[in-house]
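Here the structure is laid out as structure tokens; the discussion comes afterwards.
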Amino acid sequence: MKDRVAVITGGAAGIGKACAIRFAHEGMRLVLGDVSGDDGEKTLQTLREIGAEAVFEEGSIADEAFCQRLARVADERWGRLDVLVANAAHRSFTRVIDASAEEWDQMLAVNLKGTALSCKAALPKMIEQGRGSMVLLSSVHHAAARKEMPLYDATKSGIVSLTKSLAVDHAADGVRVNAVCPGFTVTDYHIRKAIHEGRSVDALKQTQMGLLGRPADPSEIASAIYFLAGDESSYITGEVLMVDGGFSI
Ligand SMILES: NC(=O)c1ccc[n+]([C@@H]2O[C@H](COP(=O)([O-])OP(=O)(O)OC[C@H]3O[C@@H](n4cnc5c(N)ncnc54)[C@H](O)[C@@H]3O)[C@@H](O)[C@H]2O)c1
């Protein structure tokens with residue numbers, strides 16, 4: 001994977017950051033896009049300390065021009081785009097009965113339309129190259145319902161559908177498209193939330209989840225993304241990979 005070029009949306013924090021760090025250790029060149037400029041600059045610093053060639057762009061994937069910019073930066077800087085990790089997402093904790101039309105618009109604009117626009121922007125270069133790999137972040141909760149995240153979970157189901165449609169439409173172009181469905185993964189977001197709510201971070205990390213009886217570390221999701229991004233998965237497309245410690249079985 002050395003010198004291959006990846007765009008990672010939502011690459012400033014959490015799973016996207018873990019993915020960027022893994023890709024950097026593998027010698028890949030990176031364009032990170034994220035709404036959080038502060039986190040983005042910090043992650044960029046970490047990547048440069050690893051010795052990676054990396055660029056950070058601030059903006060929202062809900063904006064098509066931003067998605068196009070990420071792909072253009074990769075092309076202008078390195079002349080190629082091998083991997084897209086469509087990872088950025090917005091969360092809400094509202095039941096359908098309480099959700100406003102505006103909340104739906106925001107959720108759909110980022111998680112579903114923004115993911116699709118990120119893929120749209122990456123496709124022309126991948127098609128020109130005759131090869132490319134996209135990994136879209138869904139969730140174990142695209143299939144397993146739970147309380148109070150119906151808007152988010154509906155978009156994660158949509159991402160599974162999008163993954164399969166893109167895989168069908170672009171297989172002949174040499175572009176593979178797969179989805180990763182993480183189970184509960186403790187990121188800085190969850191740690192900050194636990195602290196804010198007066199809950200113990202140790203207890204959070206020991207949450208009983210799935211068959212393995214614990215949440216994932218972001219690096220464990222990044223390993224699955226790396227596998228699907230690279231040639232080791234060359235005969236896999238349209239696949240939906242649960243990375244959930246056995247939760248969904
Ligand atoms: N952490 C989990 O337990 C879990 C479980 C299942 C699925 N996922 C999925 O994995 C992906 C990463 O989740 P995470 O837990 O690392 O989240 P996170 O909140 O830790 O990080 C998400 C990143 O995306 C950025 N972002 C948010 N909205 C954006 C936008 N409109 N444009 C660009 N960037 C934006 C944020 O600033 C942040 O840096 C998401 O798609 C999420 O739905 C996470």
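Scheme for the structure tokens: letters A, B, ... for chains in order shown; per-chain residue numbers from 1; ligand numbers from 1 in order shown.
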### Task
Give me the residues within 9 Å of region 225-237 of chain A as a VMD selection string, counting only C-alpha atoms and dropping any in the same chain fewer than 3 places off.
chain A and resid 1 19 22 to 23 82 to 85 132 to 137 163 to 164 167 to 168 171 175 to 180 220 to 222 240
Given only C-alpha atoms, how would the per-residue table for region 168-208 of chain A near region 12-15 of chain A read, listing every residue at most 12 Å away with its closest atom pair and distance in Å to one decimal, sorted by chain and number, as a tab-separated table?
residue	atom	partner	partner_atom	distance
A:Val180	CA	A:Ile15	CA	11.3
A:Cys181	CA	A:Ile15	CA	11.7
A:Pro182	CA	A:Ile15	CA	9.5
A:Gly183	CA	A:Ile15	CA	11.7
A:Phe184	CA	A:Ile15	CA	11.2
A:Thr185	CA	A:Ile15	CA	8.2
A:Val186	CA	A:Gly14	CA	8.1
A:Thr187	CA	A:Gly14	CA	4.9
A:Asp188	CA	A:Gly14	CA	6.3
A:Tyr189	CA	A:Gly14	CA	7.2
A:His190	CA	A:Gly14	CA	9.3
A:Ile191	CA	A:Gly14	CA	10.6
A:Arg192	CA	A:Gly14	CA	11.8
Grab the residues selected above and save them as an mmCIF file, in the first residue's frame with N, CA and C atoms.
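Printed below is result_14.cif as written:
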data_model
loop_
_atom_site.group_PDB
_atom_site.id
_atom_site.type_symbol
_atom_site.label_atom_id
_atom_site.label_comp_id
_atom_site.auth_asym_id
_atom_site.auth_seq_id
_atom_site.Cartn_x
_atom_site.Cartn_y
_atom_site.Cartn_z
ATOM 1 N N VAL A 180 -18.135 -1.316 6.258
ATOM 2 C CA VAL A 180 -17.743 -1.840 7.565
ATOM 3 C C VAL A 180 -18.810 -1.397 8.565
ATOM 4 N N CYS A 181 -19.239 -2.352 9.395
ATOM 5 C CA CYS A 181 -20.267 -2.070 10.396
ATOM 6 C C CYS A 181 -19.681 -2.261 11.789
ATOM 7 N N PRO A 182 -19.186 -1.186 12.385
ATOM 8 C CA PRO A 182 -18.620 -1.347 13.723
ATOM 9 C C PRO A 182 -19.719 -1.585 14.753
ATOM 10 N N GLY A 183 -19.356 -2.341 15.787
ATOM 11 C CA GLY A 183 -20.127 -2.327 17.021
ATOM 12 C C GLY A 183 -19.639 -1.161 17.861
ATOM 13 N N PHE A 184 -20.081 -1.122 19.106
ATOM 14 C CA PHE A 184 -19.697 0.005 19.968
ATOM 15 C C PHE A 184 -18.167 0.113 20.054
ATOM 16 N N THR A 185 -17.672 1.287 19.699
ATOM 17 C CA THR A 185 -16.233 1.548 19.636
ATOM 18 C C THR A 185 -15.937 2.793 20.457
ATOM 19 N N VAL A 186 -15.099 2.666 21.459
ATOM 20 C CA VAL A 186 -14.871 3.807 22.355
ATOM 21 C C VAL A 186 -13.892 4.781 21.710
ATOM 22 N N THR A 187 -14.391 5.969 21.398
ATOM 23 C CA THR A 187 -13.554 7.036 20.840
ATOM 24 C C THR A 187 -13.512 8.202 21.840
ATOM 25 N N ASP A 188 -12.726 9.213 21.490
ATOM 26 C CA ASP A 188 -12.645 10.386 22.376
ATOM 27 C C ASP A 188 -14.019 11.005 22.596
ATOM 28 N N TYR A 189 -14.870 10.929 21.556
ATOM 29 C CA TYR A 189 -16.234 11.458 21.695
ATOM 30 C C TYR A 189 -16.955 10.786 22.863
ATOM 31 N N HIS A 190 -16.883 9.451 22.928
ATOM 32 C CA HIS A 190 -17.579 8.723 23.999
ATOM 33 C C HIS A 190 -16.934 9.000 25.351
ATOM 34 N N ILE A 191 -15.622 9.146 25.355
ATOM 35 C CA ILE A 191 -14.923 9.428 26.623
ATOM 36 C C ILE A 191 -15.342 10.804 27.143
ATOM 37 N N ARG A 192 -15.368 11.791 26.240
ATOM 38 C CA ARG A 192 -15.791 13.149 26.643
ATOM 39 C C ARG A 192 -17.237 13.135 27.138
#
When you look at Ala145 (chain A) with a cut-off of 12 Å (counting only C-alpha atoms), what residues show up, excluding the ones that are within fewer than 4 positions of it in the same chain? I need them as a PDB file with C-alpha atoms, in the first residue's frame.
ATOM      1  CA  SER A 139     -22.988   0.394  11.792  1.00  0.00           C
ATOM      2  CA  VAL A 140     -24.069  -2.853  13.391  1.00  0.00           C
ATOM      3  CA  HIS A 141     -27.225  -0.878  14.178  1.00  0.00           C
ATOM      4  CA  MET A 149     -31.141   6.662  17.462  1.00  0.00           C
ATOM      5  CA  PRO A 150     -33.638   5.953  14.651  1.00  0.00           C
ATOM      6  CA  LEU A 151     -32.516   8.791  12.384  1.00  0.00           C
ATOM      7  CA  TYR A 152     -28.846   7.808  12.536  1.00  0.00           C
ATOM      8  CA  ASP A 153     -29.600   4.081  12.249  1.00  0.00           C
ATOM      9  CA  ALA A 154     -31.825   4.665   9.203  1.00  0.00           C
ATOM     10  CA  LYS A 156     -26.653   3.534   8.324  1.00  0.00           C
ATOM     11  CA  SER A 157     -29.122   1.162   6.602  1.00  0.00           C
ATOM     12  CA  SER A 248     -24.926  -9.288  15.717  1.00  0.00           C
TER      13      SER A 248
END
### Message
Please identify the strand (DSSP E) residues within region 55-234 of chain A (assignment by DSSP from backbone atoms) and present them as a PyMOL selection string.
### Response
chain A and resi 55-58+83-86+132-137+175-182
### Task
Would you mind listing what lies within 12 Å of Ile61 (chain A) as a VMD selection string, with only C-alpha atoms counted and same-chain residues fewer than 3 positions away left out?
chain A and resid 8 to 11 32 to 36 57 to 58 64 to 71 86 to 90 106 to 121
### Who sits within 10 Å of Ile249 (chain A), only C-alpha atoms, same chain under 5 positions skipped, as number ranges by chain
A: 210-211, 242, 244
#### Entry: DSSP-assigned alpha helix (DSSP H) among region 4-99 of chain A, expressed as a PyMOL selection string
chain A and resi 14-25+37-50+64-78
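Our summary of the geometry notes that CA of Arg95 (chain A) is positioned 4.9 Å from CA of Glu148 (chain A).
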Excluding Gly27 (chain A) and any residue of its chain fewer than 3 positions from it, enumerate the residues within 12 Å of it, using only C-alpha atoms, and give them as an mmCIF file with N, CA and C atoms, in the first residue's frame.
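The result, stored in result15.cif:
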data_model
loop_
_atom_site.group_PDB
_atom_site.id
_atom_site.type_symbol
_atom_site.label_atom_id
_atom_site.label_comp_id
_atom_site.auth_asym_id
_atom_site.auth_seq_id
_atom_site.Cartn_x
_atom_site.Cartn_y
_atom_site.Cartn_z
ATOM 1 N N MET A 1 0.833 -1.213 0.000
ATOM 2 C CA MET A 1 0.000 0.000 0.000
ATOM 3 C C MET A 1 0.869 1.265 0.000
ATOM 4 N N LYS A 2 2.191 1.079 0.043
ATOM 5 C CA LYS A 2 3.066 2.246 0.117
ATOM 6 C C LYS A 2 2.817 3.202 -1.064
ATOM 7 N N ASP A 3 2.742 4.482 -0.719
ATOM 8 C CA ASP A 3 2.544 5.579 -1.679
ATOM 9 C C ASP A 3 1.140 5.644 -2.276
ATOM 10 N N ARG A 4 0.260 4.722 -1.925
ATOM 11 C CA ARG A 4 -1.118 4.861 -2.396
ATOM 12 C C ARG A 4 -1.777 6.040 -1.668
ATOM 13 N N VAL A 5 -2.773 6.607 -2.336
ATOM 14 C CA VAL A 5 -3.377 7.851 -1.851
ATOM 15 C C VAL A 5 -4.805 7.594 -1.380
ATOM 16 N N ALA A 6 -5.095 8.040 -0.159
ATOM 17 C CA ALA A 6 -6.432 7.846 0.404
ATOM 18 C C ALA A 6 -7.040 9.170 0.835
ATOM 19 N N ALA A 20 -6.438 6.813 9.709
ATOM 20 C CA ALA A 20 -5.357 7.646 9.155
ATOM 21 C C ALA A 20 -4.005 7.208 9.728
ATOM 22 N N ILE A 21 -3.970 6.927 11.022
ATOM 23 C CA ILE A 21 -2.716 6.508 11.663
ATOM 24 C C ILE A 21 -2.265 5.161 11.102
ATOM 25 N N ARG A 22 -3.209 4.225 10.945
ATOM 26 C CA ARG A 22 -2.858 2.913 10.383
ATOM 27 C C ARG A 22 -2.334 3.058 8.951
ATOM 28 N N PHE A 23 -3.051 3.842 8.142
ATOM 29 C CA PHE A 23 -2.640 4.048 6.751
ATOM 30 C C PHE A 23 -1.247 4.711 6.708
ATOM 31 N N ALA A 24 -1.027 5.659 7.608
ATOM 32 C CA ALA A 24 0.274 6.353 7.640
ATOM 33 C C ALA A 24 1.389 5.365 7.949
ATOM 34 N N LEU A 30 -2.149 10.808 2.474
ATOM 35 C CA LEU A 30 -3.507 11.009 2.980
ATOM 36 C C LEU A 30 -4.041 12.412 2.785
ATOM 37 N N LEU A 47 0.275 12.620 12.342
ATOM 38 C CA LEU A 47 0.636 11.900 11.115
ATOM 39 C C LEU A 47 2.023 12.306 10.628
ATOM 40 N N ARG A 48 2.342 13.581 10.767
ATOM 41 C CA ARG A 48 3.660 14.048 10.308
ATOM 42 C C ARG A 48 4.754 13.480 11.200
ATOM 43 N N ILE A 50 4.694 10.594 12.446
ATOM 44 C CA ILE A 50 4.882 9.221 11.958
ATOM 45 C C ILE A 50 5.721 9.243 10.665
ATOM 46 N N GLY A 51 5.770 10.423 10.018
ATOM 47 C CA GLY A 51 6.530 10.549 8.771
ATOM 48 C C GLY A 51 5.645 10.492 7.544
ATOM 49 N N ALA A 52 4.327 10.622 7.752
ATOM 50 C CA ALA A 52 3.394 10.510 6.622
ATOM 51 C C ALA A 52 3.307 11.817 5.846
ATOM 52 N N GLU A 53 3.026 11.678 4.540
ATOM 53 C CA GLU A 53 2.648 12.837 3.731
ATOM 54 C C GLU A 53 1.141 12.956 3.874
ATOM 55 N N ALA A 54 0.689 14.089 4.439
ATOM 56 C CA ALA A 54 -0.748 14.219 4.704
ATOM 57 C C ALA A 54 -1.179 15.666 4.587
#
### Summary
Between atom 39 (O, counted along the ligand's line) of ligand 1 and CA of Ala18 (chain A) lies a distance of 10.9 Å
### Query
At what distance in Å, to one decimal, does CA of Gln206 (chain A) lie from CA of Lys42 (chain A)?
27.5 Å
